[in-house]
>>> print(open('entry_38.cif').read())   # mmCIF, C-alpha atoms
data_structure
#
loop_
_atom_site.group_PDB
_atom_site.id
_atom_site.type_symbol
_atom_site.label_atom_id
_atom_site.label_comp_id
_atom_site.auth_asym_id
_atom_site.auth_seq_id
_atom_site.Cartn_x
_atom_site.Cartn_y
_atom_site.Cartn_z
ATOM 1 C CA MET A 455 -28.502 -28.485 -40.769
ATOM 2 C CA GLN A 456 -27.581 -31.239 -38.336
ATOM 3 C CA TRP A 457 -24.822 -29.161 -36.677
ATOM 4 C CA LEU A 458 -27.295 -26.307 -36.144
ATOM 5 C CA ALA A 459 -29.673 -28.629 -34.287
ATOM 6 C CA THR A 460 -26.798 -29.966 -32.151
ATOM 7 C CA ALA A 461 -25.594 -26.446 -31.284
ATOM 8 C CA THR A 462 -29.121 -25.386 -30.307
ATOM 9 C CA ALA A 463 -29.557 -28.460 -28.094
ATOM 10 C CA VAL A 464 -26.207 -27.862 -26.339
ATOM 11 C CA ALA A 465 -27.063 -24.184 -25.763
ATOM 12 C CA GLY A 466 -30.410 -25.197 -24.258
ATOM 13 C CA VAL A 467 -28.780 -27.692 -21.870
ATOM 14 C CA VAL A 468 -26.193 -25.089 -20.760
ATOM 15 C CA ALA A 469 -28.909 -22.471 -20.173
ATOM 16 C CA LEU A 470 -31.044 -24.931 -18.193
ATOM 17 C CA ALA A 471 -28.068 -26.044 -16.093
ATOM 18 C CA SER A 472 -27.313 -22.453 -15.108
ATOM 19 C CA LEU A 473 -30.866 -22.048 -13.751
ATOM 20 C CA VAL A 474 -30.989 -25.269 -11.735
ATOM 21 C CA GLN A 475 -29.003 -25.578 -8.485
ATOM 22 C CA PRO A 476 -28.522 -28.739 -6.491
ATOM 23 C CA ALA A 477 -30.355 -29.093 -3.160
ATOM 24 C CA GLY A 478 -28.329 -27.682 -0.250
ATOM 25 C CA ALA A 479 -26.244 -25.330 -2.407
ATOM 26 C CA VAL A 480 -24.704 -22.452 -0.459
ATOM 27 C CA PRO A 481 -23.744 -19.029 -1.761
ATOM 28 C CA THR A 482 -20.061 -18.499 -2.598
ATOM 29 C CA ALA A 483 -17.756 -15.787 -1.262
ATOM 30 C CA SER A 484 -18.618 -13.632 -4.263
ATOM 31 C CA ALA A 485 -22.183 -13.249 -3.021
ATOM 32 C CA ALA A 486 -23.068 -10.107 -1.098
ATOM 33 C CA THR A 487 -22.032 -10.221 2.537
ATOM 34 C CA SER A 488 -24.532 -9.572 5.280
ATOM 35 C CA ALA A 489 -24.504 -6.236 7.095
ATOM 36 C CA GLY A 490 -21.707 -5.978 9.642
ATOM 37 C CA SER A 491 -19.733 -8.928 8.307
ATOM 38 C CA ARG A 492 -16.159 -8.466 7.232
ATOM 39 C CA PRO A 493 -15.374 -8.927 3.529
ATOM 40 C CA THR A 494 -12.808 -11.532 2.537
ATOM 41 C CA PRO A 495 -9.351 -9.896 2.296
ATOM 42 C CA ALA A 496 -7.824 -9.447 -1.145
ATOM 43 C CA ALA A 497 -5.338 -12.088 -2.213
ATOM 44 C CA THR A 498 -3.063 -9.615 -3.992
ATOM 45 C CA ALA A 499 -1.416 -6.529 -2.558
ATOM 46 C CA PRO A 500 -2.761 -3.120 -3.588
ATOM 47 C CA ASP A 501 -1.038 -1.599 -6.632
ATOM 48 C CA ALA A 502 0.938 1.452 -5.466
ATOM 49 C CA ARG A 503 0.793 3.037 -8.915
ATOM 50 C CA ALA A 504 -3.024 2.887 -9.033
ATOM 51 C CA ALA A 505 -3.640 4.759 -5.751
ATOM 52 C CA HIS A 506 -4.585 8.430 -5.388
ATOM 53 C CA TYR A 507 -2.244 10.107 -2.888
ATOM 54 C CA PRO A 508 -2.910 13.281 -0.879
ATOM 55 C CA LEU A 509 -0.192 15.203 -2.753
ATOM 56 C CA ASP A 510 -0.471 18.418 -4.739
ATOM 57 C CA CYS A 511 2.199 18.122 -7.407
ATOM 58 C CA GLY A 512 0.867 20.874 -9.657
ATOM 59 C CA PRO A 513 1.729 20.004 -13.267
ATOM 60 C CA ASN A 514 4.193 17.272 -12.234
ATOM 61 C CA PRO A 515 3.168 13.623 -11.934
ATOM 62 C CA VAL A 516 3.235 11.606 -8.712
ATOM 63 C CA GLN A 517 6.194 9.221 -8.592
ATOM 64 C CA VAL A 518 6.295 5.956 -6.597
ATOM 65 C CA THR A 519 9.965 5.493 -5.696
ATOM 66 C CA ASP A 520 9.742 2.363 -3.535
ATOM 67 C CA LYS A 521 7.184 -0.085 -2.160
ATOM 68 C CA VAL A 522 6.847 -3.180 0.006
ATOM 69 C CA SER A 523 3.833 -5.405 0.616
ATOM 70 C CA GLY A 524 2.738 -7.745 3.369
ATOM 71 C CA ASP A 525 0.070 -8.351 5.992
ATOM 72 C CA LEU A 526 0.911 -5.455 8.309
ATOM 73 C CA ASP A 527 -2.153 -5.546 10.555
ATOM 74 C CA GLY A 528 -2.641 -9.313 10.854
ATOM 75 C CA ASP A 529 -6.042 -9.431 9.122
ATOM 76 C CA GLY A 530 -4.924 -12.007 6.554
ATOM 77 C CA GLY A 531 -4.910 -9.563 3.622
ATOM 78 C CA PRO A 532 -1.828 -7.788 2.287
ATOM 79 C CA GLU A 533 -1.259 -4.053 2.496
ATOM 80 C CA THR A 534 1.248 -2.028 0.466
ATOM 81 C CA VAL A 535 3.543 0.648 1.861
ATOM 82 C CA ALA A 536 4.575 3.153 -0.815
ATOM 83 C CA VAL A 537 7.199 5.901 -0.841
ATOM 84 C CA VAL A 538 5.802 8.661 -3.039
ATOM 85 C CA ARG A 539 6.926 12.114 -4.132
ATOM 86 C CA CYS A 540 6.251 14.654 -6.839
ATOM 87 C CA LYS A 541 8.438 13.963 -9.844
ATOM 88 C CA ALA A 542 10.912 16.800 -10.440
ATOM 89 C CA GLU A 543 13.470 17.414 -13.151
ATOM 90 C CA MET A 544 15.970 18.781 -10.619
ATOM 91 C CA GLY A 545 16.456 18.353 -6.891
ATOM 92 C CA THR A 546 14.927 15.862 -4.512
ATOM 93 C CA PRO A 547 11.372 16.713 -3.500
ATOM 94 C CA PRO A 548 10.227 15.492 -0.062
ATOM 95 C CA SER A 549 8.726 12.040 0.182
ATOM 96 C CA GLY A 550 5.545 10.742 1.713
ATOM 97 C CA VAL A 551 5.132 7.191 3.005
ATOM 98 C CA TYR A 552 1.594 5.811 2.753
ATOM 99 C CA VAL A 553 -0.083 2.532 3.697
ATOM 100 C CA LEU A 554 -2.536 1.248 1.087
ATOM 101 C CA ALA A 555 -5.371 -1.215 1.558
ATOM 102 C CA ALA A 556 -7.473 -2.986 -1.031
ATOM 103 C CA PRO A 557 -10.323 -0.888 -2.430
ATOM 104 C CA SER A 558 -13.691 -1.263 -0.712
ATOM 105 C CA VAL A 559 -15.398 -1.359 -4.125
ATOM 106 C CA LYS A 560 -14.217 -3.768 -6.806
ATOM 107 C CA GLY A 561 -12.397 -1.936 -9.598
ATOM 108 C CA ALA A 562 -11.711 1.205 -7.513
ATOM 109 C CA ALA A 563 -8.250 2.533 -6.669
ATOM 110 C CA PRO A 564 -6.498 1.258 -3.529
ATOM 111 C CA ARG A 565 -7.272 3.294 -0.396
ATOM 112 C CA VAL A 566 -4.689 5.317 1.552
ATOM 113 C CA VAL A 567 -5.364 4.174 5.134
ATOM 114 C CA ALA A 568 -2.369 5.702 6.942
ATOM 115 C CA THR A 569 0.371 8.279 6.436
ATOM 116 C CA LEU A 570 3.661 7.210 8.010
ATOM 117 C CA VAL A 571 5.716 10.167 6.720
ATOM 118 C CA ASP A 572 4.046 13.392 5.595
ATOM 119 C CA PRO A 573 5.763 15.291 2.743
ATOM 120 C CA ALA A 574 5.219 18.459 4.830
ATOM 121 C CA ASP A 575 7.962 17.109 7.143
ATOM 122 C CA LYS A 576 10.423 17.696 4.249
ATOM 123 C CA MET A 577 12.111 14.303 4.558
ATOM 124 C CA SER A 578 13.478 11.982 1.893
ATOM 125 C CA VAL A 579 13.094 8.245 2.396
ATOM 126 C CA GLN A 580 15.668 5.552 1.664
ATOM 127 C CA GLY A 581 15.924 1.852 2.343
ATOM 128 C CA LEU A 582 12.257 0.973 2.799
ATOM 129 C CA ALA A 583 12.077 -2.579 4.169
ATOM 130 C CA LEU A 584 9.593 -5.024 5.636
ATOM 131 C CA SER A 585 10.577 -7.509 8.331
ATOM 132 C CA GLY A 586 7.673 -9.625 9.515
ATOM 133 C CA ARG A 587 4.955 -7.036 10.119
ATOM 134 C CA ALA A 588 7.346 -4.121 10.839
ATOM 135 C CA VAL A 589 8.172 -1.472 8.236
ATOM 136 C CA SER A 590 11.474 0.399 8.497
ATOM 137 C CA ALA A 591 13.207 3.143 6.544
ATOM 138 C CA THR A 592 15.975 5.704 6.775
ATOM 139 C CA LEU A 593 14.725 9.310 6.826
ATOM 140 C CA LEU A 594 16.951 12.098 5.514
ATOM 141 C CA GLY A 595 16.283 15.741 6.290
ATOM 142 C CA TYR A 596 17.688 19.139 7.150
ATOM 143 C CA SER A 597 18.570 20.675 10.512
ATOM 144 C CA ALA A 598 17.981 24.257 9.363
ATOM 145 C CA THR A 599 16.577 26.206 6.418
ATOM 146 C CA ASP A 600 20.055 27.411 5.393
ATOM 147 C CA VAL A 601 21.327 23.830 4.793
ATOM 148 C CA PRO A 602 21.552 23.329 0.992
ATOM 149 C CA ARG A 603 18.679 21.178 -0.288
ATOM 150 C CA CYS A 604 21.160 18.966 -2.112
ATOM 151 C CA CYS A 605 22.814 17.770 1.047
ATOM 152 C CA PRO A 606 20.633 16.485 3.895
ATOM 153 C CA ASP A 607 22.445 16.679 7.245
ATOM 154 C CA VAL A 608 19.937 14.758 9.381
ATOM 155 C CA ARG A 609 19.715 10.969 9.143
ATOM 156 C CA LYS A 610 17.506 8.813 11.348
ATOM 157 C CA GLY A 611 16.036 5.360 11.240
ATOM 158 C CA ALA A 612 12.312 4.870 11.723
ATOM 159 C CA LYS A 613 10.220 1.780 12.278
ATOM 160 C CA TRP A 614 6.435 1.373 12.258
ATOM 161 C CA GLN A 615 4.322 -1.466 13.627
ATOM 162 C CA TRP A 616 0.571 -1.991 13.897
ATOM 163 C CA GLN A 617 -0.466 -1.794 17.557
ATOM 164 C CA ASP A 618 -3.898 -1.197 19.093
ATOM 165 C CA GLY A 619 -5.524 -0.284 15.778
ATOM 166 C CA LYS A 620 -2.887 2.149 14.472
ATOM 167 C CA PHE A 621 0.690 2.355 13.238
ATOM 168 C CA VAL A 622 3.123 3.233 16.022
ATOM 169 C CA GLN A 623 6.493 4.750 15.106
ATOM 170 C CA SER A 624 9.750 4.257 16.905
ATOM 171 C CA GLU A 625 13.170 5.565 16.010
ATOM 172 C CA HIS A 626 16.472 3.766 15.945
ATOM 173 C CA SER A 627 19.919 4.710 14.755
ATOM 174 C CA ALA A 628 20.079 4.783 10.969
ATOM 175 C CA ALA A 629 23.386 2.922 11.310
ATOM 176 C CA GLU A 630 21.585 0.045 13.067
ATOM 177 C CA GLY A 631 19.683 -0.887 9.959
ATOM 178 C CA ASP A 632 16.563 -2.950 10.510
ATOM 179 C CA LEU A 633 15.990 -4.236 14.001
ATOM 180 C CA PRO A 634 15.007 -7.890 14.181
ATOM 181 C CA ALA A 635 11.292 -8.395 14.758
ATOM 182 C CA SER A 636 12.011 -9.968 18.163
ATOM 183 C CA GLN A 637 13.503 -6.746 19.583
ATOM 184 C CA GLY A 638 11.285 -4.170 21.229
ATOM 185 C CA ILE A 639 10.473 -0.971 19.475
#
>>> encode(input="entry_38.cif", output="structure tokens")
Amino acid sequence: MQWLATATAVAGVVALASLVQPAGAVPTASAATSAGSRPTPAATAPDARAAHYPLDCGPNPVQVTDKVSGDLDGDGGPETVAVVRCKAEMGTPPSGVYVLAAPSVKGAAPRVVATLVDPADKMSVQGLALSGRAVSATLLGYSATDVPRCCPDVRKGAKWQWQDGKFVQSEHSAAEGDLPASQGI
């Protein structure tokens, strides 16, 4: 009987403490933000496997083949760049490269905020890398429709950087590899 009285008293104190706030208390970051204010950036990078990509794969699943994460736009929150394609039993389907941001609603899927390579361009992507805030990759493709789909004959390097509110692409020789961040694009 004595333990029941003690448990009831402790529960009452805890309940009362949750209702009383000290003078001068300020709301925490989890409180609703005022209209027009910017939400606090997410501490973890968006999960590439949880996003919904603008791909029509029919009965085949979407496959994330590579990803890198970092603060690409300088807002203090990480973004994820994902190389995605439709999974196929044979052949190499074209890839898409997408930039993901944290969801705007807690518990929702990450948002696709930019397309760096569209699968409609019929390119495959290799060697995705992040250097500072620049993303680079090697793009493989075909010079003509009669080139066998097994053997891409076009190879070019591409680099993307956030400038003036969008991702700007530049090309460099695929043999160059990644350009140092200090070089111009």
>>> closest_residue(input="entry_38.cif", among="A:Pro513, A:Pro573, A:Gly530, A:Pro500", to="Val553 of chain A", atoms="only C-alpha atoms")
A:Pro500
>>> resolve_selection(input="entry_38.cif", expression="the PyMOL selection byres ((chain A and resi 536-538) around 9)", output="number ranges by chain")
A: 502-503, 507, 509, 516-523, 534-535, 539-540, 548-554, 571, 573, 579-580, 582
>>> atom_distance(input="entry_38.cif", atom1="atom CA of Ala542 of chain A", atom2="atom CA of Ala612 of chain A")
25.2 Å
>>> residues_around(input="entry_38.cif", residues="Leu593 of chain A", least_positions_apart="6", cutoff="9 Å", atoms="only C-alpha atoms", output="PyMOL selection string")
chain A and resi 577-581+608-612+628
>>> residues_around(input="entry_38.cif", residues="Val622 of chain A", least_positions_apart="3", cutoff="10 Å", atoms="all atoms listed in the file", output="list of chain:residue names")
A:Leu570, A:Ala588, A:Lys613, A:Trp614, A:Gln615, A:Trp616, A:Gln617, A:Asp618, A:Gly619, A:Ile639
>>> axis_aligned_box(input="entry_38.cif", around="segment 597-616 of chain A", padding_each_side="6 Å", output="JSON")
{"center_x": 11.7, "center_y": 12.7, "center_z": 5.9, "size_x": 34.2, "size_y": 41.4, "size_z": 28.0}
>>> atom_distance(input="entry_38.cif", atom1="atom CA of Ala598 of chain A", atom2="atom CA of Gly545 of chain A")
17.4 Å
>>> atom_distance(input="entry_38.cif", atom1="atom CA of Asp572 of chain A", atom2="atom CA of Thr546 of chain A")
15.1 Å
>>> closest_residue(input="entry_38.cif", among="A:Gly512, A:Lys620, A:Asp529, A:Ser585", to="Val567 of chain A", atoms="all atoms listed in the file")
A:Lys620
>>> residues_near_point(input="entry_38.cif", point="(-10.6, -3.2, -2.6)", cutoff="12 Å", atoms="all atoms listed in the file", output="mmCIF file with C-alpha atoms, in the coordinates of the input")
data_model
loop_
_atom_site.group_PDB
_atom_site.id
_atom_site.type_symbol
_atom_site.label_atom_id
_atom_site.label_comp_id
_atom_site.auth_asym_id
_atom_site.auth_seq_id
_atom_site.Cartn_x
_atom_site.Cartn_y
_atom_site.Cartn_z
ATOM 1 C CA PRO A 493 -15.374 -8.927 3.529
ATOM 2 C CA THR A 494 -12.808 -11.532 2.537
ATOM 3 C CA PRO A 495 -9.351 -9.896 2.296
ATOM 4 C CA ALA A 496 -7.824 -9.447 -1.145
ATOM 5 C CA ALA A 497 -5.338 -12.088 -2.213
ATOM 6 C CA THR A 498 -3.063 -9.615 -3.992
ATOM 7 C CA ALA A 499 -1.416 -6.529 -2.558
ATOM 8 C CA PRO A 500 -2.761 -3.120 -3.588
ATOM 9 C CA ASP A 501 -1.038 -1.599 -6.632
ATOM 10 C CA ALA A 504 -3.024 2.887 -9.033
ATOM 11 C CA ALA A 505 -3.640 4.759 -5.751
ATOM 12 C CA GLY A 531 -4.910 -9.563 3.622
ATOM 13 C CA PRO A 532 -1.828 -7.788 2.287
ATOM 14 C CA GLU A 533 -1.259 -4.053 2.496
ATOM 15 C CA LEU A 554 -2.536 1.248 1.087
ATOM 16 C CA ALA A 555 -5.371 -1.215 1.558
ATOM 17 C CA ALA A 556 -7.473 -2.986 -1.031
ATOM 18 C CA PRO A 557 -10.323 -0.888 -2.430
ATOM 19 C CA SER A 558 -13.691 -1.263 -0.712
ATOM 20 C CA VAL A 559 -15.398 -1.359 -4.125
ATOM 21 C CA LYS A 560 -14.217 -3.768 -6.806
ATOM 22 C CA GLY A 561 -12.397 -1.936 -9.598
ATOM 23 C CA ALA A 562 -11.711 1.205 -7.513
ATOM 24 C CA ALA A 563 -8.250 2.533 -6.669
ATOM 25 C CA PRO A 564 -6.498 1.258 -3.529
ATOM 26 C CA ARG A 565 -7.272 3.294 -0.396
ATOM 27 C CA VAL A 566 -4.689 5.317 1.552
ATOM 28 C CA VAL A 567 -5.364 4.174 5.134
#
